[in-house]
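K.L.:
See input.txt below, with compact mmCIF, N, CA, C and O atoms.
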```
# COMPACT_ATOMS: atom_id res chain seq x y z
N MET A 1 8.83 -16.59 5.10
CA MET A 1 9.32 -15.33 5.61
C MET A 1 8.12 -14.51 6.09
O MET A 1 7.09 -14.45 5.43
N THR A 2 8.29 -13.85 7.23
CA THR A 2 7.20 -13.04 7.78
C THR A 2 7.13 -11.69 7.08
O THR A 2 8.10 -11.25 6.45
N LEU A 3 6.01 -11.03 7.24
CA LEU A 3 5.84 -9.70 6.67
C LEU A 3 6.87 -8.74 7.28
O LEU A 3 7.44 -7.90 6.57
N GLU A 4 7.13 -8.88 8.56
CA GLU A 4 8.12 -8.02 9.23
C GLU A 4 9.52 -8.24 8.63
O GLU A 4 10.26 -7.27 8.40
N GLU A 5 9.88 -9.49 8.37
CA GLU A 5 11.19 -9.78 7.77
C GLU A 5 11.28 -9.20 6.36
O GLU A 5 12.31 -8.63 5.99
N LEU A 6 10.21 -9.35 5.59
CA LEU A 6 10.20 -8.79 4.24
C LEU A 6 10.29 -7.27 4.28
O LEU A 6 11.02 -6.67 3.48
N GLU A 7 9.59 -6.65 5.21
CA GLU A 7 9.66 -5.19 5.33
C GLU A 7 11.09 -4.75 5.63
O GLU A 7 11.59 -3.79 5.04
N ARG A 8 11.76 -5.47 6.51
CA ARG A 8 13.15 -5.14 6.85
C ARG A 8 14.06 -5.29 5.64
O ARG A 8 14.91 -4.44 5.37
N LYS A 9 13.87 -6.36 4.87
CA LYS A 9 14.67 -6.57 3.65
C LYS A 9 14.43 -5.46 2.64
O LYS A 9 15.36 -4.95 2.01
N VAL A 10 13.18 -5.06 2.46
CA VAL A 10 12.84 -3.99 1.53
C VAL A 10 13.46 -2.68 2.01
O VAL A 10 14.01 -1.91 1.21
N TYR A 11 13.40 -2.43 3.31
CA TYR A 11 13.99 -1.23 3.87
C TYR A 11 15.49 -1.17 3.53
O TYR A 11 15.98 -0.15 3.03
N PHE A 12 16.21 -2.25 3.78
CA PHE A 12 17.65 -2.26 3.49
C PHE A 12 17.92 -2.17 1.99
O PHE A 12 18.90 -1.56 1.57
N TRP A 13 17.05 -2.73 1.18
CA TRP A 13 17.16 -2.59 -0.27
C TRP A 13 17.06 -1.11 -0.64
O TRP A 13 17.86 -0.59 -1.43
N GLY A 14 16.12 -0.40 -0.02
CA GLY A 14 15.94 1.03 -0.27
C GLY A 14 17.13 1.85 0.18
O GLY A 14 17.51 2.83 -0.46
N VAL A 15 17.75 1.44 1.28
CA VAL A 15 18.94 2.13 1.77
C VAL A 15 20.09 1.95 0.77
O VAL A 15 20.75 2.92 0.38
N THR A 16 20.32 0.71 0.35
CA THR A 16 21.46 0.44 -0.55
C THR A 16 21.29 1.06 -1.92
O THR A 16 22.27 1.32 -2.62
N ARG A 17 20.05 1.34 -2.33
CA ARG A 17 19.80 1.95 -3.63
C ARG A 17 19.74 3.47 -3.54
O ARG A 17 19.51 4.16 -4.52
N GLY A 18 19.90 4.02 -2.35
CA GLY A 18 19.88 5.46 -2.18
C GLY A 18 18.48 6.06 -2.09
O GLY A 18 18.34 7.28 -1.98
N ILE A 19 17.47 5.21 -2.13
CA ILE A 19 16.09 5.73 -2.10
C ILE A 19 15.81 6.41 -0.77
O ILE A 19 15.20 7.48 -0.72
N LEU A 20 16.27 5.81 0.31
CA LEU A 20 15.99 6.37 1.63
C LEU A 20 17.00 7.43 2.05
O LEU A 20 16.84 8.08 3.07
N VAL A 21 18.02 7.62 1.22
CA VAL A 21 19.01 8.66 1.48
C VAL A 21 18.68 9.90 0.64
O VAL A 21 18.66 11.01 1.14
N ASN A 22 18.40 9.68 -0.63
CA ASN A 22 18.18 10.78 -1.58
C ASN A 22 16.72 10.97 -1.96
O ASN A 22 16.38 11.93 -2.64
N GLY A 23 15.86 10.04 -1.56
CA GLY A 23 14.47 10.09 -1.99
C GLY A 23 13.66 11.14 -1.26
O GLY A 23 14.06 11.67 -0.23
N LYS A 24 12.52 11.43 -1.86
CA LYS A 24 11.56 12.36 -1.27
C LYS A 24 10.20 11.70 -1.29
O LYS A 24 9.87 10.97 -2.24
N ALA A 25 9.42 11.97 -0.27
CA ALA A 25 8.08 11.39 -0.19
C ALA A 25 7.25 11.76 -1.42
O ALA A 25 6.49 10.95 -1.94
N GLU A 26 7.45 12.99 -1.92
CA GLU A 26 6.67 13.45 -3.07
C GLU A 26 6.98 12.64 -4.33
O GLU A 26 6.07 12.24 -5.06
N THR A 27 8.26 12.38 -4.60
CA THR A 27 8.61 11.63 -5.80
C THR A 27 8.24 10.16 -5.65
O THR A 27 7.85 9.52 -6.63
N GLN A 28 8.34 9.64 -4.44
CA GLN A 28 7.92 8.25 -4.23
C GLN A 28 6.41 8.11 -4.36
O GLN A 28 5.91 7.09 -4.82
N THR A 29 5.68 9.16 -4.01
CA THR A 29 4.23 9.14 -4.20
C THR A 29 3.88 9.11 -5.69
O THR A 29 2.94 8.43 -6.11
N LEU A 30 4.64 9.83 -6.49
CA LEU A 30 4.44 9.75 -7.94
C LEU A 30 4.73 8.34 -8.44
O LEU A 30 4.02 7.81 -9.31
N LYS A 31 5.77 7.71 -7.90
CA LYS A 31 6.10 6.32 -8.27
C LYS A 31 4.95 5.40 -7.88
O LYS A 31 4.58 4.50 -8.64
N LEU A 32 4.36 5.63 -6.72
CA LEU A 32 3.22 4.82 -6.28
C LEU A 32 2.06 4.95 -7.26
O LEU A 32 1.40 3.96 -7.60
N THR A 33 1.83 6.16 -7.74
CA THR A 33 0.76 6.40 -8.71
C THR A 33 1.04 5.64 -10.01
O THR A 33 0.13 5.04 -10.60
N SER A 34 2.28 5.61 -10.43
CA SER A 34 2.67 4.87 -11.62
C SER A 34 2.40 3.37 -11.43
O SER A 34 1.86 2.70 -12.32
N GLU A 35 2.78 2.86 -10.27
CA GLU A 35 2.55 1.44 -9.98
C GLU A 35 1.05 1.12 -9.92
O GLU A 35 0.61 0.06 -10.37
N LEU A 36 0.26 2.06 -9.39
CA LEU A 36 -1.18 1.87 -9.35
C LEU A 36 -1.76 1.78 -10.76
O LEU A 36 -2.65 0.97 -11.03
N GLY A 37 -1.23 2.60 -11.66
CA GLY A 37 -1.67 2.54 -13.05
C GLY A 37 -1.39 1.18 -13.67
O GLY A 37 -2.23 0.62 -14.39
N GLU A 38 -0.21 0.62 -13.37
CA GLU A 38 0.12 -0.72 -13.88
C GLU A 38 -0.83 -1.77 -13.31
O GLU A 38 -1.30 -2.66 -14.02
N LEU A 39 -1.14 -1.64 -12.02
CA LEU A 39 -2.08 -2.57 -11.39
C LEU A 39 -3.46 -2.47 -12.04
O LEU A 39 -4.07 -3.48 -12.38
N ALA A 40 -3.93 -1.25 -12.22
CA ALA A 40 -5.26 -1.04 -12.83
C ALA A 40 -5.32 -1.64 -14.22
O ALA A 40 -6.31 -2.28 -14.59
N ASP A 41 -4.25 -1.46 -15.00
CA ASP A 41 -4.20 -2.01 -16.35
C ASP A 41 -4.28 -3.53 -16.32
O ASP A 41 -5.06 -4.13 -17.07
N ASN A 42 -3.50 -4.15 -15.46
CA ASN A 42 -3.51 -5.61 -15.39
C ASN A 42 -4.83 -6.16 -14.87
O ASN A 42 -5.33 -7.17 -15.38
N ILE A 43 -5.42 -5.51 -13.88
CA ILE A 43 -6.72 -5.96 -13.37
C ILE A 43 -7.78 -5.80 -14.45
O ILE A 43 -8.59 -6.71 -14.68
N ALA A 44 -7.79 -4.66 -15.14
CA ALA A 44 -8.78 -4.42 -16.19
C ALA A 44 -8.70 -5.46 -17.30
O ALA A 44 -9.71 -5.81 -17.91
N LYS A 45 -7.50 -5.96 -17.54
CA LYS A 45 -7.29 -6.95 -18.59
C LYS A 45 -7.33 -8.38 -18.08
O LYS A 45 -7.06 -9.32 -18.83
N GLY A 46 -7.68 -8.55 -16.80
CA GLY A 46 -7.81 -9.89 -16.23
C GLY A 46 -6.48 -10.60 -16.01
O GLY A 46 -6.46 -11.81 -15.86
N ARG A 47 -5.39 -9.85 -15.98
CA ARG A 47 -4.06 -10.46 -15.80
C ARG A 47 -3.70 -10.44 -14.31
O ARG A 47 -2.90 -9.65 -13.84
N TYR A 48 -4.33 -11.35 -13.59
CA TYR A 48 -4.19 -11.36 -12.14
C TYR A 48 -2.82 -11.83 -11.67
O TYR A 48 -2.34 -11.37 -10.64
N GLN A 49 -2.18 -12.71 -12.40
CA GLN A 49 -0.83 -13.14 -12.02
C GLN A 49 0.13 -11.96 -12.08
O GLN A 49 0.95 -11.77 -11.17
N GLU A 50 0.05 -11.15 -13.14
CA GLU A 50 0.90 -9.98 -13.28
C GLU A 50 0.58 -8.94 -12.21
O GLU A 50 1.46 -8.18 -11.77
N ALA A 51 -0.68 -8.90 -11.77
CA ALA A 51 -1.10 -7.93 -10.76
C ALA A 51 -0.40 -8.18 -9.42
O ALA A 51 -0.21 -7.24 -8.65
N LYS A 52 0.02 -9.42 -9.18
CA LYS A 52 0.74 -9.71 -7.93
C LYS A 52 2.01 -8.88 -7.83
O LYS A 52 2.33 -8.34 -6.77
N ASP A 53 2.74 -8.77 -8.92
CA ASP A 53 3.96 -7.96 -8.94
C ASP A 53 3.63 -6.50 -8.72
O ASP A 53 4.34 -5.80 -7.98
N ASP A 54 2.55 -6.03 -9.33
CA ASP A 54 2.15 -4.63 -9.17
C ASP A 54 1.79 -4.33 -7.71
O ASP A 54 2.19 -3.29 -7.18
N ILE A 55 1.06 -5.22 -7.09
CA ILE A 55 0.70 -5.04 -5.68
C ILE A 55 1.97 -5.03 -4.82
O ILE A 55 2.13 -4.17 -3.95
N GLY A 56 2.86 -5.96 -5.08
CA GLY A 56 4.13 -6.00 -4.35
C GLY A 56 4.94 -4.74 -4.55
O GLY A 56 5.51 -4.19 -3.59
N ASP A 57 5.00 -4.25 -5.80
CA ASP A 57 5.73 -3.01 -6.07
C ASP A 57 5.14 -1.84 -5.29
O ASP A 57 5.87 -0.99 -4.77
N MET A 58 3.81 -1.81 -5.19
CA MET A 58 3.17 -0.74 -4.45
C MET A 58 3.52 -0.82 -2.96
O MET A 58 3.77 0.21 -2.32
N ILE A 59 3.58 -2.02 -2.43
CA ILE A 59 3.96 -2.19 -1.02
C ILE A 59 5.39 -1.73 -0.80
O ILE A 59 5.70 -1.05 0.18
N VAL A 60 6.29 -2.07 -1.74
CA VAL A 60 7.68 -1.61 -1.65
C VAL A 60 7.72 -0.08 -1.60
O VAL A 60 8.39 0.51 -0.74
N VAL A 61 7.01 0.56 -2.49
CA VAL A 61 7.01 2.02 -2.53
C VAL A 61 6.38 2.59 -1.26
O VAL A 61 6.87 3.58 -0.70
N LEU A 62 5.33 1.97 -0.76
CA LEU A 62 4.72 2.43 0.48
C LEU A 62 5.69 2.32 1.66
O LEU A 62 5.72 3.20 2.53
N ILE A 63 6.51 1.27 1.68
CA ILE A 63 7.53 1.14 2.72
C ILE A 63 8.51 2.30 2.62
O ILE A 63 8.91 2.89 3.63
N MET A 64 8.90 2.65 1.40
CA MET A 64 9.82 3.78 1.20
C MET A 64 9.19 5.08 1.67
O MET A 64 9.81 5.86 2.40
N ILE A 65 7.95 5.32 1.27
CA ILE A 65 7.25 6.56 1.68
C ILE A 65 7.13 6.63 3.20
O ILE A 65 7.40 7.67 3.79
N ALA A 66 6.72 5.52 3.80
CA ALA A 66 6.56 5.51 5.26
C ALA A 66 7.86 5.91 5.95
O ALA A 66 7.86 6.76 6.84
N ASP A 67 8.97 5.32 5.51
CA ASP A 67 10.25 5.67 6.13
C ASP A 67 10.59 7.14 5.89
O ASP A 67 11.06 7.81 6.81
N LEU A 68 10.36 7.61 4.69
CA LEU A 68 10.70 8.99 4.37
C LEU A 68 9.90 10.01 5.19
O LEU A 68 10.35 11.13 5.37
N ILE A 69 8.74 9.61 5.69
CA ILE A 69 7.96 10.52 6.52
C ILE A 69 8.07 10.18 8.01
O ILE A 69 7.33 10.72 8.84
N GLY A 70 8.98 9.27 8.34
CA GLY A 70 9.27 8.99 9.74
C GLY A 70 8.39 7.97 10.43
O GLY A 70 8.16 8.04 11.64
N THR A 71 7.90 7.01 9.67
CA THR A 71 7.07 5.96 10.26
C THR A 71 7.41 4.64 9.59
O THR A 71 8.42 4.52 8.92
N ASP A 72 6.58 3.63 9.78
CA ASP A 72 6.76 2.36 9.08
C ASP A 72 5.38 1.79 8.74
O ASP A 72 4.36 2.28 9.20
N ILE A 73 5.41 0.76 7.92
CA ILE A 73 4.16 0.16 7.43
C ILE A 73 3.31 -0.37 8.57
O ILE A 73 2.09 -0.24 8.55
N THR A 74 3.94 -0.98 9.56
CA THR A 74 3.18 -1.55 10.67
C THR A 74 2.41 -0.46 11.40
O THR A 74 1.21 -0.63 11.69
N GLU A 75 3.06 0.66 11.68
CA GLU A 75 2.37 1.76 12.36
C GLU A 75 1.24 2.31 11.49
O GLU A 75 0.14 2.57 11.98
N CYS A 76 1.49 2.46 10.20
CA CYS A 76 0.45 2.97 9.29
C CYS A 76 -0.74 2.03 9.23
O CYS A 76 -1.90 2.49 9.26
N LEU A 77 -0.47 0.73 9.18
CA LEU A 77 -1.55 -0.25 9.13
C LEU A 77 -2.33 -0.23 10.44
O LEU A 77 -3.56 -0.33 10.44
N GLN A 78 -1.63 -0.06 11.56
CA GLN A 78 -2.30 0.02 12.87
C GLN A 78 -3.21 1.24 12.92
O GLN A 78 -4.35 1.15 13.39
N VAL A 79 -2.72 2.38 12.45
CA VAL A 79 -3.53 3.60 12.43
C VAL A 79 -4.78 3.38 11.58
O VAL A 79 -5.90 3.74 11.98
N ALA A 80 -4.61 2.78 10.40
CA ALA A 80 -5.76 2.54 9.51
C ALA A 80 -6.74 1.56 10.14
O ALA A 80 -7.96 1.78 10.10
N TYR A 81 -6.21 0.49 10.75
CA TYR A 81 -7.10 -0.49 11.38
C TYR A 81 -7.88 0.15 12.52
O TYR A 81 -9.09 -0.06 12.66
N ASP A 82 -7.19 0.94 13.35
CA ASP A 82 -7.87 1.61 14.45
C ASP A 82 -8.99 2.51 13.94
O ASP A 82 -10.02 2.67 14.60
N ASP A 83 -8.80 3.07 12.76
CA ASP A 83 -9.81 3.94 12.15
C ASP A 83 -11.02 3.16 11.64
O ASP A 83 -12.15 3.63 11.72
N ILE A 84 -10.79 1.95 11.13
CA ILE A 84 -11.90 1.20 10.51
C ILE A 84 -12.51 0.11 11.38
O ILE A 84 -13.60 -0.36 11.08
N LYS A 85 -11.83 -0.28 12.45
CA LYS A 85 -12.25 -1.48 13.20
C LYS A 85 -13.68 -1.42 13.70
O LYS A 85 -14.35 -2.44 13.77
N ASP A 86 -14.16 -0.26 14.04
CA ASP A 86 -15.53 -0.14 14.54
C ASP A 86 -16.48 0.48 13.52
O ASP A 86 -17.63 0.78 13.85
N ARG A 87 -15.98 0.65 12.29
CA ARG A 87 -16.80 1.27 11.25
C ARG A 87 -17.96 0.34 10.89
O ARG A 87 -17.80 -0.85 10.73
N LYS A 88 -19.11 0.92 10.77
CA LYS A 88 -20.30 0.16 10.39
C LYS A 88 -20.71 0.61 8.99
O LYS A 88 -20.52 1.74 8.61
N GLY A 89 -21.27 -0.31 8.26
CA GLY A 89 -21.73 -0.02 6.91
C GLY A 89 -21.84 -1.31 6.13
O GLY A 89 -21.82 -2.40 6.69
N TYR A 90 -21.93 -1.16 4.82
CA TYR A 90 -22.10 -2.34 3.96
C TYR A 90 -21.61 -2.02 2.55
O TYR A 90 -21.49 -0.86 2.17
N LEU A 91 -21.33 -3.07 1.80
CA LEU A 91 -20.96 -2.95 0.40
C LEU A 91 -22.25 -3.10 -0.42
O LEU A 91 -22.90 -4.14 -0.35
N ASN A 92 -22.61 -2.07 -1.18
CA ASN A 92 -23.86 -2.13 -1.94
C ASN A 92 -23.70 -2.94 -3.23
O ASN A 92 -22.61 -3.43 -3.53
N GLU A 93 -24.78 -3.06 -3.97
CA GLU A 93 -24.80 -3.87 -5.20
C GLU A 93 -23.83 -3.36 -6.26
O GLU A 93 -23.40 -4.10 -7.13
N GLN A 94 -23.47 -2.08 -6.21
CA GLN A 94 -22.53 -1.49 -7.17
C GLN A 94 -21.07 -1.66 -6.72
O GLN A 94 -20.15 -1.19 -7.39
N GLY A 95 -20.87 -2.30 -5.57
CA GLY A 95 -19.52 -2.51 -5.07
C GLY A 95 -18.95 -1.33 -4.32
O GLY A 95 -17.74 -1.22 -4.14
N VAL A 96 -19.80 -0.42 -3.86
CA VAL A 96 -19.37 0.77 -3.13
C VAL A 96 -19.67 0.57 -1.65
O VAL A 96 -20.80 0.22 -1.28
N PHE A 97 -18.66 0.81 -0.79
CA PHE A 97 -18.89 0.71 0.65
C PHE A 97 -19.60 1.96 1.12
O PHE A 97 -19.13 3.09 0.89
N VAL A 98 -20.73 1.77 1.77
CA VAL A 98 -21.52 2.88 2.29
C VAL A 98 -21.39 2.86 3.80
O VAL A 98 -21.83 1.92 4.46
N LYS A 99 -20.73 3.90 4.35
CA LYS A 99 -20.57 3.99 5.79
C LYS A 99 -21.91 4.30 6.44
O LYS A 99 -22.73 5.02 5.87
N GLU A 100 -22.10 3.75 7.65
CA GLU A 100 -23.29 4.06 8.41
C GLU A 100 -23.40 5.57 8.57
O GLU A 100 -22.43 6.25 8.89
N GLY A 101 -24.55 6.11 8.29
CA GLY A 101 -24.77 7.55 8.36
C GLY A 101 -24.61 8.24 7.02
O GLY A 101 -24.99 9.39 6.87
N ASP A 102 -24.02 7.55 6.04
CA ASP A 102 -23.81 8.13 4.71
C ASP A 102 -24.89 7.69 3.72
O ASP A 102 -24.86 8.05 2.57
N GLU A 103 -25.83 6.88 4.18
CA GLU A 103 -26.86 6.37 3.27
C GLU A 103 -27.62 7.52 2.63
O GLU A 103 -27.88 8.53 3.27
N VAL A 104 -27.96 7.32 1.37
CA VAL A 104 -28.71 8.33 0.64
C VAL A 104 -30.15 7.95 0.53
O VAL A 104 -30.58 6.89 0.60
```
Translate the structure described by the file into structure tokens.
P.N.:
Amino acid sequence: MTLEELERKVYFWGVTRGILVNGKAETQTLKLTSELGELADNIAKGRYQEAKDDIGDMIVVLIMIADLIGTDITECLQVAYDDIKDRKGYLNEQGVFVKEGDEV
């Protein structure tokens, strides 16, 4: 199944559950934060198999948020890619990305 097909299935799942009818971007953002906490817990404990579900849950919530604000995941990803595609920099020894011009 393609990412586009999965996004469409998730969208219709959100419609049938009332998320896209009664939901609010603000409450879905809180849900995203909750899912991020679950992901952080599983990563910190080395439970990478369980983290797959957490990542998927976050994508589901992001699809809901995108729709609630009048966009979709593909457009959001395109906007983000356009922002980073020409970005220069490097990942330092501490695992922090340092953008060109931000060096200390």
K.L.:
Using Å and a single decimal, report how far atom N of Asp86 (chain A) sits from CA of Thr71 (chain A).
P.N.:
22.4 Å
K.L.:
At what distance in Å, to one decimal, does atom N of Leu68 (chain A) lie from atom C of Thr2 (chain A)?
P.N.:
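Straight-line distance from atom C of Thr2 (chain A) to atom N of Leu68 (chain A) works out to 19.7 Å.
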K.L.:
For Gly23 (chain A), which residue among A:Met64, A:Asp54, A:Gly37, A:Ile43 is the nearest when counting only C-alpha atoms?
P.N.:
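Checking each of A:Met64, A:Asp54, A:Gly37, A:Ile43 against Gly23 (chain A), counting only C-alpha atoms, the winner is A:Met64.
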K.L.:
Take CA of Ala66 (chain A) and atom N of Glu5 (chain A) and report the distance between them in Å, one decimal.
P.N.:
15.7 Å
K.L.:
Which residues are near Ile55 (chain A)? Cut-off 9 Å, only C-alpha atoms, ignore same chain within fewer than 4 positions. Put them as a PyMOL selection string.
P.N.:
chain A and resi 35-36+39+51+59-60
K.L.:
For the structure I just gave you, how does DSSP split chain A - specifically, which residues are strand (DSSP E or B)? Reply as a list in words.
P.N.:
Gly89, Tyr90, Leu91, Phe97, Val98 and Lys99 of chain A
K.L.:
Any chance you could list, as number ranges by chain, the residues in chain A that come up alpha helix (DSSP H) when DSSP is run on the backbone?
P.N.:
A: 3-16, 19-22, 25-44, 48-68, 73-84
K.L.:
Counting only N, CA, C and O atoms, which residue out of A:Ile65, A:Ala44, A:Arg8, A:Met1 sits closest to Glu26 (chain A)?
P.N.:
A:Ile65
K.L.:
Using all atoms listed in the file, can you tell me which of A:Asn22, A:Gln28, A:Lys88, A:Glu50 comes closest to Glu100 (chain A)?
P.N.:
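Answer, going by the shortest atom-to-atom distance: A:Lys88.
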K.L.:
If I only want region 74-87 of chain A, can you write it with N, CA, C and O atoms, as a PDB file, in the first residue's frame?
P.N.:
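This is the output file part_20.pdb:
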```pdb
ATOM      1  N   THR A  74       0.881  15.570   2.663  1.00  0.00           N
ATOM      2  CA  THR A  74       1.745  15.740   1.493  1.00  0.00           C
ATOM      3  C   THR A  74       2.151  17.201   1.341  1.00  0.00           C
ATOM      4  O   THR A  74       3.332  17.505   1.128  1.00  0.00           O
ATOM      5  N   GLU A  75       1.196  18.109   1.471  1.00  0.00           N
ATOM      6  CA  GLU A  75       1.516  19.534   1.361  1.00  0.00           C
ATOM      7  C   GLU A  75       2.462  19.965   2.482  1.00  0.00           C
ATOM      8  O   GLU A  75       3.428  20.694   2.247  1.00  0.00           O
ATOM      9  N   CYS A  76       2.214  19.496   3.700  1.00  0.00           N
ATOM     10  CA  CYS A  76       3.077  19.854   4.833  1.00  0.00           C
ATOM     11  C   CYS A  76       4.496  19.343   4.621  1.00  0.00           C
ATOM     12  O   CYS A  76       5.472  20.064   4.896  1.00  0.00           O
ATOM     13  N   LEU A  77       4.609  18.110   4.127  1.00  0.00           N
ATOM     14  CA  LEU A  77       5.934  17.539   3.878  1.00  0.00           C
ATOM     15  C   LEU A  77       6.635  18.309   2.769  1.00  0.00           C
ATOM     16  O   LEU A  77       7.847  18.562   2.850  1.00  0.00           O
ATOM     17  N   GLN A  78       5.887  18.722   1.746  1.00  0.00           N
ATOM     18  CA  GLN A  78       6.474  19.512   0.657  1.00  0.00           C
ATOM     19  C   GLN A  78       6.990  20.846   1.184  1.00  0.00           C
ATOM     20  O   GLN A  78       8.094  21.275   0.836  1.00  0.00           O
ATOM     21  N   VAL A  79       6.204  21.506   2.025  1.00  0.00           N
ATOM     22  CA  VAL A  79       6.623  22.788   2.604  1.00  0.00           C
ATOM     23  C   VAL A  79       7.906  22.591   3.419  1.00  0.00           C
ATOM     24  O   VAL A  79       8.861  23.374   3.303  1.00  0.00           O
ATOM     25  N   ALA A  80       7.950  21.533   4.230  1.00  0.00           N
ATOM     26  CA  ALA A  80       9.139  21.277   5.057  1.00  0.00           C
ATOM     27  C   ALA A  80      10.346  20.951   4.186  1.00  0.00           C
ATOM     28  O   ALA A  80      11.453  21.459   4.433  1.00  0.00           O
ATOM     29  N   TYR A  81      10.131  20.128   3.155  1.00  0.00           N
ATOM     30  CA  TYR A  81      11.251  19.781   2.270  1.00  0.00           C
ATOM     31  C   TYR A  81      11.781  21.018   1.562  1.00  0.00           C
ATOM     32  O   TYR A  81      12.997  21.223   1.475  1.00  0.00           O
ATOM     33  N   ASP A  82      10.873  21.854   1.061  1.00  0.00           N
ATOM     34  CA  ASP A  82      11.305  23.080   0.388  1.00  0.00           C
ATOM     35  C   ASP A  82      12.126  23.963   1.326  1.00  0.00           C
ATOM     36  O   ASP A  82      13.049  24.651   0.890  1.00  0.00           O
ATOM     37  N   ASP A  83      11.814  23.910   2.610  1.00  0.00           N
ATOM     38  CA  ASP A  83      12.536  24.693   3.605  1.00  0.00           C
ATOM     39  C   ASP A  83      13.935  24.137   3.880  1.00  0.00           C
ATOM     40  O   ASP A  83      14.876  24.888   4.104  1.00  0.00           O
ATOM     41  N   ILE A  84      14.085  22.810   3.840  1.00  0.00           N
ATOM     42  CA  ILE A  84      15.373  22.203   4.210  1.00  0.00           C
ATOM     43  C   ILE A  84      16.252  21.788   3.037  1.00  0.00           C
ATOM     44  O   ILE A  84      17.442  21.554   3.232  1.00  0.00           O
ATOM     45  N   LYS A  85      15.693  21.697   1.842  1.00  0.00           N
ATOM     46  CA  LYS A  85      16.416  21.085   0.720  1.00  0.00           C
ATOM     47  C   LYS A  85      17.761  21.735   0.425  1.00  0.00           C
ATOM     48  O   LYS A  85      18.696  21.057   0.021  1.00  0.00           O
ATOM     49  N   ASP A  86      17.876  23.009   0.627  1.00  0.00           N
ATOM     50  CA  ASP A  86      19.135  23.699   0.349  1.00  0.00           C
ATOM     51  C   ASP A  86      19.891  24.075   1.621  1.00  0.00           C
ATOM     52  O   ASP A  86      20.894  24.794   1.554  1.00  0.00           O
ATOM     53  N   ARG A  87      19.396  23.584   2.759  1.00  0.00           N
ATOM     54  CA  ARG A  87      20.024  23.914   4.036  1.00  0.00           C
ATOM     55  C   ARG A  87      21.412  23.285   4.106  1.00  0.00           C
ATOM     56  O   ARG A  87      21.610  22.136   3.761  1.00  0.00           O
TER      57      ARG A  87
END
```
